[in-house]
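Notes to accompany the following structure.
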Amino acid sequence: MKISGLVITYNEEKNIGKCIDALFRICDEVIVVDSFSKDNTVKIAEEKGAKVILQCFLGDGPQRIHGLSYCKNDWILNLDADEILAEDAEKFILSGKYENQDYDVYAFCLYNYLGDKLINFAGWYPDKTSRFFNKQTASPSKDFVHQKVSGNKKTCVKVHINHYAWENLDQFIAKKNLYSTWHAQQLFDRNKRVNSFKPVLNGTVSFFRCYFFKKGFLNGLDGLTFSMIQGASSYMKYAKLLKLQEKHKKIKGIE
């Protein structure tokens with residue numbers, strides 16, 4: 001069974017080469033949907049043999065959906081540029097076991113890395129994500145951030161994707177801040193409304209879940225740090241949503 005690799009990118013020159021090399025071990029084509037990168041992402045991708053499609057960023061889900069029309073095969077391996085299949089996931093796909101099953105969406109487990117450190121505590125493992133699916137019956141959602149893949153029948157296989165997510169804590173915090181902004185806007189656009197207690201409540205619950213229930217406390221300062229960042233991210237998402245609500249009320253008042 002032939003497979004199409006699909007990657008969306010923006011300024012990923014540090015990662016895209018290794019990602020494409022790994023995809024070509026599994027796929028017979030690689031499609032890169034790039035949001036007009038300002039670095040060498042496009043050049044590297046083309047030199048590696050990928051077909052590059054330029055498209056202004058539509059959002060996480062819509063950007064991936066846009067790329068599907070350029071994929072010639074039904075089965076899609078849709079990775080982020082900072083993701084590479086681990087050996088067990090490669091073996092699973094190359095074995096062809098998925099062909100004889102009724103599933104059209106496969107979720108794999110993520111190994112998340114901060115630099116070269118594996119973050120497998122405080123709720124970060126198993127971090128499951130759907131990256132392998134049949135486009136005839138399954139597709140990414142239209143969510144602007146953290147899209148999901150929906151299909152007729154989904155399963156999770158305990159094989160892994162290495163996710164080289166952040167080089168350092170500064171980058172981790174910056175990405176969390178950006179995602180909280182996107183999440184807040186997405187919730188607002190869906191008419192989600194909250195009161196002033198929501199940020200505090202969700203931020204506190206998120207921290208306690210990571211630090212205590214997910215046993216982050218067993219990992220010393222790292223466990224505390226990641227739990228606090230997770231709690232702060234949840235807090236900021238709803239705090240930003242409140243600000244959007246306030247702005248909307250002021251605009252309506254003026255009108």
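Quick note on naming: the chains in the structure tokens go A, B, ... in the order shown, residues restart at 1 in each chain, and ligands are numbered from 1 in order of appearance.
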Please, which residues in stretch 76-145 of chain A fall within 10 Å of stretch 174-190 of chain A when counting only C-alpha atoms, and what is the closest atom pair and distance in Å to one decimal for each, ordered by chain then residue number, as JSON lines?
```
{"residue": "A:Asp143", "atom": "CA", "partner": "A:Gln186", "partner_atom": "CA", "distance": 7.7}
{"residue": "A:Phe144", "atom": "CA", "partner": "A:Gln186", "partner_atom": "CA", "distance": 6.8}
{"residue": "A:Val145", "atom": "CA", "partner": "A:Trp182", "partner_atom": "CA", "distance": 6.4}
```
Residues at most 6 Å from stretch 100-113 of chain A, counting only C-alpha atoms, excluding those fewer than 6 positions away in the same chain, as number ranges by chain?
-> A: 119, 126-130, 132-134, 153-157, 159-165
Can those selected residues be exported to a file as an mmCIF file, in the first residue's frame so that it contains C-alpha atoms?
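Result written to result_21.cif:
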```cif
data_model
loop_
_atom_site.group_PDB
_atom_site.id
_atom_site.type_symbol
_atom_site.label_atom_id
_atom_site.label_comp_id
_atom_site.auth_asym_id
_atom_site.auth_seq_id
_atom_site.Cartn_x
_atom_site.Cartn_y
_atom_site.Cartn_z
ATOM 1 C CA ILE A 119 9.418 14.666 29.060
ATOM 2 C CA PRO A 126 1.221 8.911 26.879
ATOM 3 C CA ASP A 127 0.374 11.948 24.759
ATOM 4 C CA LYS A 128 -1.689 10.405 21.953
ATOM 5 C CA THR A 129 -2.113 11.952 18.524
ATOM 6 C CA SER A 130 -3.788 10.774 15.300
ATOM 7 C CA PHE A 132 -2.064 8.054 10.203
ATOM 8 C CA PHE A 133 -5.408 7.824 8.406
ATOM 9 C CA ASN A 134 -7.265 6.965 5.212
ATOM 10 C CA LYS A 153 -13.322 3.837 13.309
ATOM 11 C CA LYS A 154 -10.280 4.910 15.301
ATOM 12 C CA THR A 155 -7.735 2.989 17.350
ATOM 13 C CA CYS A 156 -4.576 3.771 19.288
ATOM 14 C CA VAL A 157 -1.480 1.661 18.725
ATOM 15 C CA VAL A 159 3.994 2.768 18.948
ATOM 16 C CA HIS A 160 5.715 6.114 19.042
ATOM 17 C CA ILE A 161 6.514 9.403 17.357
ATOM 18 C CA ASN A 162 9.570 11.327 18.546
ATOM 19 C CA HIS A 163 8.425 14.932 18.979
ATOM 20 C CA TYR A 164 11.352 17.352 19.264
ATOM 21 C CA ALA A 165 8.985 20.003 20.463
#
```
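When DSSP reads the backbone of this structure, the residues of stretch 137-191 of chain A it assigns to strand (DSSP E or B) are Ser139, Pro140, Val149, Ser150, Lys154, Thr155, Cys156, Val157, Lys158, Val159, His160, Ile161, Asn162, His163, Tyr164, Ala165 and Trp166 of chain A.
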How many Å separate atom CA of A:Asn73 from atom CA of A:Ile26?
-> 12.7 Å
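When atom CA of A:Leu244 is paired with atom CA of A:Val194, their separation reads 10.7 Å.
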Shortest interatomic distance to A:Gly223 - which of A:Cys210, A:Ile93, A:Ile76, A:Ile65, counting only C-alpha atoms | A:Cys210
If you run DSSP on this backbone, which residues of stretch 26-206 of chain A come out as alpha helix (DSSP H), and could you give them as a ChimeraX atom specification?
-> /A:41-47,60-68,87-95,169-189,198-206
Keeping only C-alpha atoms, write the selected residues to a file as a short mmCIF file (atom, residue, chain, number, x, y, z; two decimals), in the first residue's frame.
```cif
data_model
loop_
_atom_site.label_atom_id
_atom_site.label_comp_id
_atom_site.auth_asym_id
_atom_site.auth_seq_id
_atom_site.Cartn_x
_atom_site.Cartn_y
_atom_site.Cartn_z
CA THR A 41 12.42 25.60 4.65
CA VAL A 42 11.13 25.52 1.06
CA LYS A 43 14.59 25.15 -0.47
CA ILE A 44 15.51 22.26 1.81
CA ALA A 45 12.17 20.52 1.27
CA GLU A 46 12.51 20.70 -2.51
CA GLU A 47 16.12 19.51 -2.41
CA ASP A 60 -3.89 23.90 11.87
CA GLY A 61 -6.79 21.78 10.60
CA PRO A 62 -7.68 23.73 7.43
CA GLN A 63 -4.03 23.83 6.37
CA ARG A 64 -3.79 20.05 6.58
CA ILE A 65 -7.12 19.61 4.78
CA HIS A 66 -5.81 21.85 1.99
CA GLY A 67 -2.78 19.59 1.61
CA LEU A 68 -4.88 16.43 1.25
CA GLU A 87 11.43 2.59 15.08
CA ASP A 88 8.38 0.78 16.47
CA ALA A 89 6.00 3.01 14.46
CA GLU A 90 8.03 2.49 11.29
CA LYS A 91 7.86 -1.27 11.78
CA PHE A 92 4.11 -1.15 12.38
CA ILE A 93 3.42 0.73 9.14
CA LEU A 94 5.91 -1.22 7.04
CA SER A 95 4.41 -4.48 8.28
CA LEU A 169 12.10 26.50 28.25
CA ASP A 170 11.87 29.93 26.62
CA GLN A 171 10.61 28.34 23.40
CA PHE A 172 8.24 26.09 25.32
CA ILE A 173 6.69 29.03 27.19
CA ALA A 174 6.46 31.12 23.99
CA LYS A 175 4.62 28.33 22.16
CA LYS A 176 2.26 27.80 25.07
CA ASN A 177 1.50 31.52 25.09
CA LEU A 178 0.79 31.51 21.34
CA TYR A 179 -1.45 28.45 21.60
CA SER A 180 -3.39 29.98 24.49
CA THR A 181 -4.13 32.99 22.26
CA TRP A 182 -5.31 30.77 19.42
CA HIS A 183 -7.40 28.62 21.77
CA ALA A 184 -9.07 31.67 23.28
CA GLN A 185 -9.99 33.03 19.86
CA GLN A 186 -11.29 29.63 18.77
CA LEU A 187 -13.48 29.35 21.86
CA PHE A 188 -14.77 32.89 21.36
CA ASP A 189 -15.62 32.21 17.72
CA LYS A 198 -12.97 30.18 35.05
CA PRO A 199 -9.27 31.11 34.53
CA VAL A 200 -8.41 30.54 38.21
CA LEU A 201 -10.41 27.33 38.44
CA ASN A 202 -9.04 25.75 35.28
CA GLY A 203 -5.49 26.90 35.92
CA THR A 204 -5.54 25.43 39.42
CA VAL A 205 -7.15 22.16 38.34
CA SER A 206 -4.66 21.79 35.48
#
```
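Atom CA of A:Asp34 is positioned 11.6 Å from atom CA of A:Asp80.
Nearest to A:Asp222 of all the residues A:Gln147, A:Asn120, A:Ser141, A:Asn195 is A:Asn120, based on only C-alpha atoms.
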